[in-house]
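Trainee: Sharing a structure, written as C-alpha cells. Questions coming.
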Amino acid sequence: MLSESAKRRIHGFLSGEAWKRRIALWSGAVAVALVAIVFAKLGDAASRLFASALAFSPYWALVVTPAVFALLAWAARGSLKGTRGSGIPQVIAAVQSRDHGLREGWLSLKVVTGKLLLTVAALAGGASIGREGPTVHIGAGIMHAVGRVMGYRDPYQMSRFLLAGGAAGIAAAFNTPLAGVVFAIEELSGTFEHHFSGVLLTAVIAAGVVSLGLMGNYAYFGHANVALPFGTGWWAIALCGVTCGLLGGAFARLIVAAGAARPRWLFDQRARSPVLFAACCGLTLALLGLWLGKGMFGTGYEQARELLQSDHATGGLFGAGKLAANLASSLAGIPGGLFAPALAVGAGLGDNLSALAPSAPHQAVILLGMCGYLAGLTQAPLTSAVICMEMTDNRELMLPVLATVLLARACSALVCHTPIYKALAAQLIEPDGRNGTG
C-alpha cells in the first residue's frame, strides 16, 4: 500500500495543472534558446560589420561610434527606457516586485524586442558591451509573456518563469547549462532558499540542449588544458584574487554610483543632454580604440581567446584599456551587458599579473584573472567559477578557481558593499531609483 504522502506526490505529478506548468516552462525555454541563437548570430554579424569599417580605415570609429551612441541614447527613452544597461537588474527587480505595471515596463515584448535590436545596433557601432546580460533580459521577457498567456499571473508563479527565462538565457548564450542554474540561484533569486524546482532545472537544460544541438558542442573560449601545480604557483591565486577583486569592485562601485547619478555635476549634464553625453562617451571609446587597437571595441572575445591560448605574457595595456572602454560604454546609458567584456578585462589583467607569478603557467593565470575579475564585478563567485570552467572546458583548475573567486568576492565587498546587480535593481524599485546604466 502506498503512503498518503506518496499518493499526493503521484497525484501532483499527474495533475493537469502540473503538466500545464511544465509544458509552459519547457516550451518557453526552447523559445528562449532559439531567440538567443538568433541574437548571437545578429550580434556577430554586427561586430563583423564594424570590423570591416575599421579595416577600411580605423578613423571611421571617430564618426560611427559617437553617432551610434547618440542614436541609442535617443532611442532608449520613454517606453524603451527599460532597454538600458545589461537587463539583469531589471530581471532581479521584476522577481522581487509585486507591481504588475512595473514588470510590464521592464519585461514587455516591446522592451525585450527593443533590447535585442538596440544591442545589435550598439555592437555595430563598436560599443564595448556583451550580449549575455541582454539575453537574460530577453529570456525573462519571453518567459513573462508565456506565463501570462498560460494564465500564470500570481507573483510567486511568475517569479519561477522569470528565473527559468533568465537562467535559460545564460545557458544558451554561453552554451553553459550548469552556469545557467547557478546564476539563477545565486544572482537572480539571491537566495538558496528560493524553490528552484526540478521543472525549472529541466527548463534550463532544455535551453542548453537546443543550443548544443544547433550550435554544436563547443567551449566558448576553446579548450584550456592547463593545471596549477600545488606549491609556489599558488601565489597566482592571491595575486589574481586580490588585484582583480579590488578592480572589479571599483568598477562596480562606479557603475552603481552612476546609476544613482553621482557625481552630481557629471550626471546633471547627462540628464540635460543625454544624447550629447552618449556621443562624448562614444568619442572616448573611439579614441581608446585608435590608441590601443580594435580590442577596445566589441566584446573583446577574440583578444581574450588569443591571450588564453598563448604561452607567454604580452605585457600590453589591453586589460586596463578594456576596463576604460567598458566604463565609457556603460556610462553612456545604452543597452549592453558586462559579462563578456569583463572576462576580456580579466584576461588582460591576468596577462599582466603573470609576469609577477613566473612559476605559474601563463594560461592558468589568465583563467584565474578572468574568473577573479568577473567575481569582483558581480560578487557572484560560484557563477563566475562555473562559467569560466565551462567556457574553457577546464576541470584541472577547479580548486584554484574556487579559491580565487572567493578571495575576489571578499576583496570586492571592501570596495562595493552591495553587489552591482542587486544595487542597480534596488535603484529601479525605489521611488527615486534611476535606470541609467544597469
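Ordering of the C-alpha cells sets the chain letters (A, B, ...), residue numbers begin anew at 1 in every chain, and ligands are numbered from 1 in the order given.
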From region 31-180 of chain A, collect each residue whose DSSP state is alpha helix (DSSP H) and return the set as a PyMOL selection string.
Mentor: chain A and resi 31-56+61-75+88-96+100-107+109-124+132-149+155-174+177-180
Trainee: Go ahead and write the residues just picked, C-alpha atoms, as a compact mmCIF listing (two decimals), in the first residue's frame.
Mentor:
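For reference, out_34.txt as written:
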```
# COMPACT_ATOMS: atom_id res chain seq x y z
CA ALA A 31 11.85 29.68 -27.41
CA VAL A 32 14.47 31.48 -25.30
CA ALA A 33 17.23 29.27 -26.71
CA LEU A 34 16.12 29.88 -30.30
CA VAL A 35 15.96 33.64 -29.80
CA ALA A 36 19.34 33.58 -28.04
CA ILE A 37 20.89 31.83 -31.04
CA VAL A 38 19.38 34.36 -33.46
CA PHE A 39 20.61 37.15 -31.17
CA ALA A 40 24.12 35.68 -31.16
CA LYS A 41 24.16 35.43 -34.96
CA LEU A 42 22.95 39.01 -35.36
CA GLY A 43 25.46 40.26 -32.79
CA ASP A 44 28.33 38.50 -34.55
CA ALA A 45 27.23 39.93 -37.90
CA ALA A 46 27.06 43.43 -36.38
CA SER A 47 30.55 43.07 -34.93
CA ARG A 48 31.90 41.93 -38.31
CA LEU A 49 30.26 44.94 -39.96
CA PHE A 50 32.06 47.30 -37.60
CA ALA A 51 35.32 45.40 -38.04
CA SER A 52 35.04 45.81 -41.82
CA ALA A 53 34.66 49.57 -41.34
CA LEU A 54 37.80 49.61 -39.19
CA ALA A 55 39.65 47.56 -41.80
CA PHE A 56 38.80 50.22 -44.39
CA ALA A 61 35.36 54.89 -35.45
CA LEU A 62 35.59 58.63 -34.74
CA VAL A 63 32.40 59.10 -36.76
CA VAL A 64 30.49 55.84 -36.43
CA THR A 65 30.85 55.15 -32.69
CA PRO A 66 29.76 58.59 -31.36
CA ALA A 67 26.89 58.69 -33.87
CA VAL A 68 25.61 55.24 -32.88
CA PHE A 69 25.94 56.03 -29.16
CA ALA A 70 23.94 59.24 -29.68
CA LEU A 71 21.26 57.40 -31.66
CA LEU A 72 20.94 54.71 -28.99
CA ALA A 73 20.66 57.27 -26.19
CA TRP A 74 17.88 58.98 -28.13
CA ALA A 75 16.08 55.68 -28.82
CA ILE A 88 19.92 41.77 -15.30
CA PRO A 89 18.90 44.44 -12.74
CA GLN A 90 15.51 44.67 -14.44
CA VAL A 91 15.03 40.92 -14.10
CA ILE A 92 16.07 40.92 -10.43
CA ALA A 93 13.72 43.83 -9.75
CA ALA A 94 10.89 42.04 -11.56
CA VAL A 95 11.45 38.88 -9.47
CA GLN A 96 11.25 40.94 -6.29
CA HIS A 100 2.41 44.25 -12.48
CA GLY A 101 2.80 47.69 -14.04
CA LEU A 102 6.49 47.85 -13.24
CA ARG A 103 7.01 44.33 -14.53
CA GLU A 104 5.38 45.28 -17.82
CA GLY A 105 7.66 48.30 -18.09
CA TRP A 106 10.75 46.10 -17.65
CA LEU A 107 9.72 42.87 -19.39
CA LEU A 109 7.72 42.13 -25.51
CA LYS A 110 8.19 45.67 -26.83
CA VAL A 111 11.01 46.26 -24.35
CA VAL A 112 12.79 42.94 -24.93
CA THR A 113 12.46 43.27 -28.72
CA GLY A 114 13.94 46.74 -28.43
CA LYS A 115 16.65 45.31 -26.20
CA LEU A 116 17.68 42.83 -28.88
CA LEU A 117 17.67 45.31 -31.75
CA LEU A 118 19.37 48.14 -29.87
CA THR A 119 22.09 45.84 -28.50
CA VAL A 120 22.81 44.62 -32.03
CA ALA A 121 22.99 48.25 -33.15
CA ALA A 122 25.39 49.01 -30.30
CA LEU A 123 27.69 46.19 -31.42
CA ALA A 124 27.52 47.54 -34.98
CA GLU A 132 24.83 37.79 -22.23
CA GLY A 133 23.11 40.20 -19.84
CA PRO A 134 20.67 41.30 -22.55
CA THR A 135 20.00 37.62 -23.31
CA VAL A 136 18.99 37.14 -19.65
CA HIS A 137 16.64 40.13 -20.00
CA ILE A 138 15.19 38.82 -23.26
CA GLY A 139 14.80 35.31 -21.84
CA ALA A 140 12.93 36.60 -18.81
CA GLY A 141 10.72 38.75 -21.05
CA ILE A 142 9.82 35.76 -23.24
CA MET A 143 9.01 33.67 -20.18
CA HIS A 144 6.97 36.54 -18.76
CA ALA A 145 4.87 36.58 -21.93
CA VAL A 146 4.49 32.79 -21.95
CA GLY A 147 3.43 32.77 -18.30
CA ARG A 148 0.79 35.44 -18.85
CA VAL A 149 -0.61 33.69 -21.94
CA PRO A 155 3.73 36.83 -8.29
CA TYR A 156 5.21 33.57 -6.97
CA GLN A 157 4.40 31.61 -10.10
CA MET A 158 5.62 34.44 -12.31
CA SER A 159 8.92 34.63 -10.41
CA ARG A 160 9.54 30.99 -11.33
CA PHE A 161 9.03 31.80 -15.01
CA LEU A 162 11.41 34.75 -14.77
CA LEU A 163 14.09 32.65 -13.04
CA ALA A 164 13.78 29.96 -15.70
CA GLY A 165 13.91 32.52 -18.51
CA GLY A 166 16.98 34.27 -17.16
CA ALA A 167 18.80 31.01 -16.47
CA ALA A 168 17.89 29.66 -19.91
CA GLY A 169 19.30 32.86 -21.41
CA ILE A 170 22.69 32.34 -19.75
CA ALA A 171 22.71 28.65 -20.64
CA ALA A 172 22.03 29.37 -24.31
CA ALA A 173 24.25 32.45 -24.60
CA PHE A 174 27.38 30.76 -23.25
CA PRO A 177 23.69 24.86 -18.75
CA LEU A 178 25.21 24.39 -15.29
CA ALA A 179 26.21 28.07 -15.14
CA GLY A 180 22.62 28.97 -16.01
```
Trainee: Considering only C-alpha atoms, state which residue in the set A:Gly333, A:Gly293, A:Gly245, A:Gly282 is at the smallest distance from Leu406 (chain A).
Mentor: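 Selected residue with least distance to Leu406 (chain A): A:Gly245.
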Trainee: Could you tell me which of A:Gln363, A:Gln427, A:Ser57, A:Ser412 comes closest to Glu306 (chain A) if we count only C-alpha atoms?
Mentor: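 Among A:Gln363, A:Gln427, A:Ser57, A:Ser412, it is A:Gln363 that comes nearest to Glu306 (chain A).
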Trainee: For region 413-416 of chain A, please output as a PyMOL selection string all residues within 10 Å (counting only C-alpha atoms; exclusion window: fewer than 3 positions along the same chain).
Mentor: chain A and resi 245-254+256+376-377+379+408-410+419-420+423
Trainee: Please, what distance in Å, to one decimal, runs between CA of Gly85 (chain A) and CA of Ser27 (chain A)?
Mentor: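 For CA of Gly85 (chain A) relative to CA of Ser27 (chain A), the distance reads 27.4 Å.
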Trainee: Using only C-alpha atoms, what table do you get, as CSV, when you list each residue of region 203-307 of chain A with an atom no more than 9 Å from region 317-330 of chain A, its nearest pair of atoms, and their distance in Å rounded to one decimal, rows by chain then rising number?
Mentor:
```
residue,atom,partner,partner_atom,distance
A:Phe251,CA,A:Leu327,CA,7.6
A:Leu254,CA,A:Leu327,CA,8.4
A:Ile255,CA,A:Ser330,CA,7.4
A:Ala278,CA,A:Ser329,CA,8.4
A:Cys280,CA,A:Ala328,CA,8.9
A:Cys281,CA,A:Ala328,CA,5.2
A:Gly282,CA,A:Ser329,CA,7.1
A:Thr284,CA,A:Ala328,CA,6.8
A:Leu285,CA,A:Ala325,CA,5.5
A:Ala286,CA,A:Ala325,CA,8.9
A:Leu288,CA,A:Ala325,CA,7.0
A:Gly289,CA,A:Ala325,CA,8.4
A:Leu292,CA,A:Gly321,CA,7.0
A:Gly293,CA,A:Phe318,CA,8.7
A:Gly295,CA,A:Phe318,CA,7.4
A:Met296,CA,A:Lys322,CA,5.4
A:Phe297,CA,A:Ala325,CA,7.5
A:Gly300,CA,A:Lys322,CA,7.9
A:Gln303,CA,A:Phe318,CA,8.6
```
Trainee: Expressed in Å to a single decimal, how great is the separation between CA of Asn352 (chain A) and CA of Gly337 (chain A)?
Mentor: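 These atoms are spaced 24.5 Å apart.
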Trainee: For Ala227 (chain A), which residue out of A:Ile366, A:Ala24, A:Val204, A:Ala261 is the nearest one, using only C-alpha atoms?
Mentor: A:Ile366
Trainee: Work out how far apart CA of Ser359 (chain A) and CA of His312 (chain A) are and give it in Å to one decimal.
Mentor: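 That distance, rounded to one decimal, is 12.0 Å.
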Trainee: What lies within 9 Å of Met370 (chain A) using only C-alpha atoms, ignoring chain neighbours under 5 positions off, as a ChimeraX atom specification?
Mentor: /A:240,244,304,342-350,365,375,384,388
Trainee: Which one is closest to Gly28 (chain A): A:Ala207, A:Trp291, A:Ser128, A:Glu187? Count only C-alpha atoms.
Mentor: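 Distance minimum relative to Gly28 (chain A) lands on A:Ala207.
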